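*Asks:* The structure is given below, and queries will be raised subsequently.
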Amino acid sequence: MPDGLKIGNLAISPPVVLAPMAGVTNVPFRELCRRFGAGLYVSEMLGARAIVEEDERTLHLASFGPNESTKSIQLYATDPAAAAGAVERLIDLKGVHHVDFNFGCPAPKVTRHGGGAVLPYRHRLYGEIVSAAVKAAGAVPITVKFRMGIDDDHLTYIQAGRIAEDAGAAAVALHARTAEQLYSGQARWPAIGELKQAVTTIPVLGNGDVFEYADAEKMMAETGCDGVVVGRGCLGRPWLFRELAEGFAGLPMSRPPHLAEVVKIMVEHAQLLVDWFDEHRGIRSFRKHTSWYLKGYTVGRDVRTGLHAIETVDDIRAMFDGIDLAQPFPAEAASMPRGHTHGPRPVKVPYGYLEDPEAMGPLNAAAAVAVSGG
Ligand SMILES: Cc1cc2nc3c(=O)[nH]c(=O)nc-3n(C[C@H](O)[C@H](O)[C@H](O)COP(=O)(O)O)c2cc1C
């Protein structure tokens, strides 16, 4: 089992990447995950246009914590000039070490303008975007993350992988579902194996349904991929990175935390968010994490609903008065659904989009507007 991964000039060991997740993988969450294990921790998705225009809010989101030695950003772009301009600015203004491009977003407001997961179908445009980003990046590695395609009749992943490789990308990552599938069913790992066969000179990362070290090991063994990208499995379980690090190092696995330790981690996470945003925004952004942290624990409905209404960090501790904090982590909770599970749903594409895979559009402003999601 390989224990290292090279993305351009970056050595990533263990071969684990925190998946970009909008509204989740901000500085506080990355900081928390980093405490448990090494790997590459990618920011949430930011719009290339907004970076080029030096939008203040977006630049704030493109910041890093003091312990982030590898500064990694994910961008959403629909045209080569914005992709290149954003990469240049991120290097100049933020000193980033890695930029990932999101071609996997299935949100209708993105795909209906030809962006996100449907963009690789217009393979010339896609290639130009990757190529422009690579040229602008110099020695900074550019990676590309995509899905299998629009739907089973319009699969693009093999072509998207080869184009990215030819354009000079440093690695590709496949979320092994189509845009139509969204998050439903199981990720189709054999597609990762096929991509690995097709893309031979740069690392191929597998993504989809890695919830435990055993999944990572199995995905790598079955597909030959060079590393794993982990998304929903770490929602409410940042210690998953410790398990992955231990597993890849061949060490015995630490036991998952008891509820008391989970509450402590929740408090830390909330405090980091409050320090990063402010109390109002930090606490509101933390509320969605509470149900992920409590998956499988017996805490009762009052605690769960109460946590969705907290106003301060201290409210978190108060919610657990009278609850049995010695409860161990329920083993079955590891693979319980966290975050998105929806789909399938037909994919919205612009009128006439499928008839012309050679076209160089979309180039309109609506397509460039980034929204959350992957
Ligand atoms: C809440 C949430 C937000 C996401 N946001 C993004 C995003 O901004 N960029 C992206 O490439 N993927 C995004 N994704 C997709 C994940 O990166 C990942 O590809 C997907 O969840 C499958 O991996 P998993 O099974 O390990 O979760 C998001 C997923 C979730 C659950």
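For the structure tokens, the naming scheme is as follows: chains receive sequential letters (A, B, ...) according to their order of presentation, residues are indexed from 1 within each chain, and ligands are indexed from 1 in presentation order.
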Tell me, counting only C-alpha atoms and all ligand atoms, for each residue of chain A within 7 Å of ligand 1, which pair of atoms is nearest and how far apart they are in Å to one decimal, in rows ordered by chain and increasing number, as JSON lines.
*Replies:*
```
{"residue": "A:Ala19", "atom": "CA", "partner": "ligand 1", "partner_atom_place_in_ligand_line": "17 (O)", "distance": 4.2}
{"residue": "A:Pro20", "atom": "CA", "partner": "ligand 1", "partner_atom_place_in_ligand_line": "17 (O)", "distance": 4.6}
{"residue": "A:Met21", "atom": "CA", "partner": "ligand 1", "partner_atom_place_in_ligand_line": "5 (N)", "distance": 3.3}
{"residue": "A:Ala22", "atom": "CA", "partner": "ligand 1", "partner_atom_place_in_ligand_line": "5 (N)", "distance": 3.9}
{"residue": "A:Gly23", "atom": "CA", "partner": "ligand 1", "partner_atom_place_in_ligand_line": "3 (C)", "distance": 6.7}
{"residue": "A:Val24", "atom": "CA", "partner": "ligand 1", "partner_atom_place_in_ligand_line": "1 (C)", "distance": 6.5}
{"residue": "A:Glu44", "atom": "CA", "partner": "ligand 1", "partner_atom_place_in_ligand_line": "8 (O)", "distance": 5.0}
{"residue": "A:Met45", "atom": "CA", "partner": "ligand 1", "partner_atom_place_in_ligand_line": "8 (O)", "distance": 4.1}
{"residue": "A:Asn102", "atom": "CA", "partner": "ligand 1", "partner_atom_place_in_ligand_line": "11 (O)", "distance": 4.7}
{"residue": "A:Phe103", "atom": "CA", "partner": "ligand 1", "partner_atom_place_in_ligand_line": "11 (O)", "distance": 6.9}
{"residue": "A:Gly104", "atom": "CA", "partner": "ligand 1", "partner_atom_place_in_ligand_line": "11 (O)", "distance": 5.6}
{"residue": "A:Cys105", "atom": "CA", "partner": "ligand 1", "partner_atom_place_in_ligand_line": "10 (C)", "distance": 6.2}
{"residue": "A:Lys145", "atom": "CA", "partner": "ligand 1", "partner_atom_place_in_ligand_line": "11 (O)", "distance": 6.1}
{"residue": "A:His175", "atom": "CA", "partner": "ligand 1", "partner_atom_place_in_ligand_line": "19 (O)", "distance": 5.1}
{"residue": "A:Asn207", "atom": "CA", "partner": "ligand 1", "partner_atom_place_in_ligand_line": "23 (O)", "distance": 5.2}
{"residue": "A:Gly208", "atom": "CA", "partner": "ligand 1", "partner_atom_place_in_ligand_line": "25 (O)", "distance": 3.5}
{"residue": "A:Asp209", "atom": "CA", "partner": "ligand 1", "partner_atom_place_in_ligand_line": "25 (O)", "distance": 3.6}
{"residue": "A:Val210", "atom": "CA", "partner": "ligand 1", "partner_atom_place_in_ligand_line": "26 (O)", "distance": 5.2}
{"residue": "A:Phe211", "atom": "CA", "partner": "ligand 1", "partner_atom_place_in_ligand_line": "26 (O)", "distance": 7.0}
{"residue": "A:Val229", "atom": "CA", "partner": "ligand 1", "partner_atom_place_in_ligand_line": "26 (O)", "distance": 6.3}
{"residue": "A:Val230", "atom": "CA", "partner": "ligand 1", "partner_atom_place_in_ligand_line": "26 (O)", "distance": 4.1}
{"residue": "A:Gly231", "atom": "CA", "partner": "ligand 1", "partner_atom_place_in_ligand_line": "26 (O)", "distance": 3.4}
{"residue": "A:Arg232", "atom": "CA", "partner": "ligand 1", "partner_atom_place_in_ligand_line": "27 (O)", "distance": 3.6}
{"residue": "A:Gly233", "atom": "CA", "partner": "ligand 1", "partner_atom_place_in_ligand_line": "26 (O)", "distance": 5.8}
{"residue": "A:Gly339", "atom": "CA", "partner": "ligand 1", "partner_atom_place_in_ligand_line": "31 (C)", "distance": 4.5}
{"residue": "A:His340", "atom": "CA", "partner": "ligand 1", "partner_atom_place_in_ligand_line": "31 (C)", "distance": 4.7}
{"residue": "A:Ser372", "atom": "CA", "partner": "ligand 1", "partner_atom_place_in_ligand_line": "8 (O)", "distance": 5.4}
{"residue": "A:Gly373", "atom": "CA", "partner": "ligand 1", "partner_atom_place_in_ligand_line": "5 (N)", "distance": 3.7}
{"residue": "A:Gly374", "atom": "CA", "partner": "ligand 1", "partner_atom_place_in_ligand_line": "13 (C)", "distance": 3.1}
```
*Asks:* For A:His98, find every residue with an atom within 7 Å (counting only C-alpha atoms), except residues of its own chain fewer than 3 positions away, and show them as a list in words.
*Replies:*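 These residues fall inside the cut-off: Lys71, Ser72, Ile73, Val140, Pro141 and Ile142 of chain A.
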*Asks:* Env of stretch 159-164 of chain A: 6 Å cut, atoms = only C-alpha atoms, seq-sep filter 5 positions within chain, self excluded. Answer as a list in words.
*Replies:*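 The residues satisfying every condition are Gly127, Ala169 and Val199 of chain A.
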*Asks:* Based on DSSP run over this structure's backbone, return all residues of stretch 195-342 of chain A in helix (DSSP H, G or I), as an MDAnalysis selection string.
*Replies:* chainID A and resid 195:198 213:223 232:234 240:248 259:276 279:293 301:307 313:319 331:335
*Asks:* Excluding A:Ala77 and its own-chain neighbours fewer than 3 positions away, which residues fall within 7 Å of it when counting only C-alpha atoms? Please give them as a PyMOL selection string.
*Replies:* chain A and resi 47-48+82-83+368
*Asks:* For those residues, write N, CA and C atoms to a file as a short mmCIF file (atom, residue, chain, number, x, y, z; two decimals), in the first residue's frame.
*Replies:*
```cif
data_model
loop_
_atom_site.label_atom_id
_atom_site.label_comp_id
_atom_site.auth_asym_id
_atom_site.auth_seq_id
_atom_site.Cartn_x
_atom_site.Cartn_y
_atom_site.Cartn_z
N GLY A 47 -15.38 31.51 -6.03
CA GLY A 47 -15.54 31.87 -7.44
C GLY A 47 -14.31 32.59 -7.98
N ALA A 48 -13.84 32.13 -9.16
CA ALA A 48 -12.65 32.76 -9.76
C ALA A 48 -12.90 34.23 -10.06
N ALA A 82 -10.58 34.13 -16.37
CA ALA A 82 -10.86 34.25 -14.93
C ALA A 82 -10.07 33.21 -14.15
N ALA A 83 -9.97 32.00 -14.71
CA ALA A 83 -9.21 30.94 -14.03
C ALA A 83 -7.76 31.38 -13.84
N ALA A 368 -20.71 32.31 -14.62
CA ALA A 368 -19.54 32.51 -13.76
C ALA A 368 -19.89 32.66 -12.29
#
```
*Asks:* Excluding same-chain residues fewer than 3 positions from stretch 270-275 of chain A, what lies within 7 Å of it counting only C-alpha atoms, as an MDAnalysis selection string?
*Replies:* chainID A and resid 28 266:267 278:279 282:283 286 313
*Asks:* Could you take the residues named above and write them with C-alpha atoms, as a PDB file, in the first residue's frame?
*Replies:*
```pdb
ATOM      1  CA  PRO A  28     -11.830  26.668  11.650  1.00  0.00           C
ATOM      2  CA  MET A 266     -17.923  20.581  19.534  1.00  0.00           C
ATOM      3  CA  VAL A 267     -17.099  23.401  21.949  1.00  0.00           C
ATOM      4  CA  ASP A 278     -18.006  36.593  15.049  1.00  0.00           C
ATOM      5  CA  GLU A 279     -20.382  35.177  17.644  1.00  0.00           C
ATOM      6  CA  GLY A 282     -19.947  31.626  13.959  1.00  0.00           C
ATOM      7  CA  ILE A 283     -22.690  30.045  16.076  1.00  0.00           C
ATOM      8  CA  PHE A 286     -21.910  25.788  13.766  1.00  0.00           C
ATOM      9  CA  VAL A 313     -20.584  28.587  22.909  1.00  0.00           C
TER      10      VAL A 313
END
```
*Asks:* Using only C-alpha atoms, which of the listed residues (A:Tyr121, A:Tyr183, A:Phe101, A:Tyr293) sits closest to A:Glu355?
*Replies:*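 Counting only C-alpha atoms, the residue closest to A:Glu355 is A:Tyr121.
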*Asks:* When you draw a straight line from atom CA of A:His113 to atom CA of A:Val96, how long is it in Å?
*Replies:* 28.9 Å
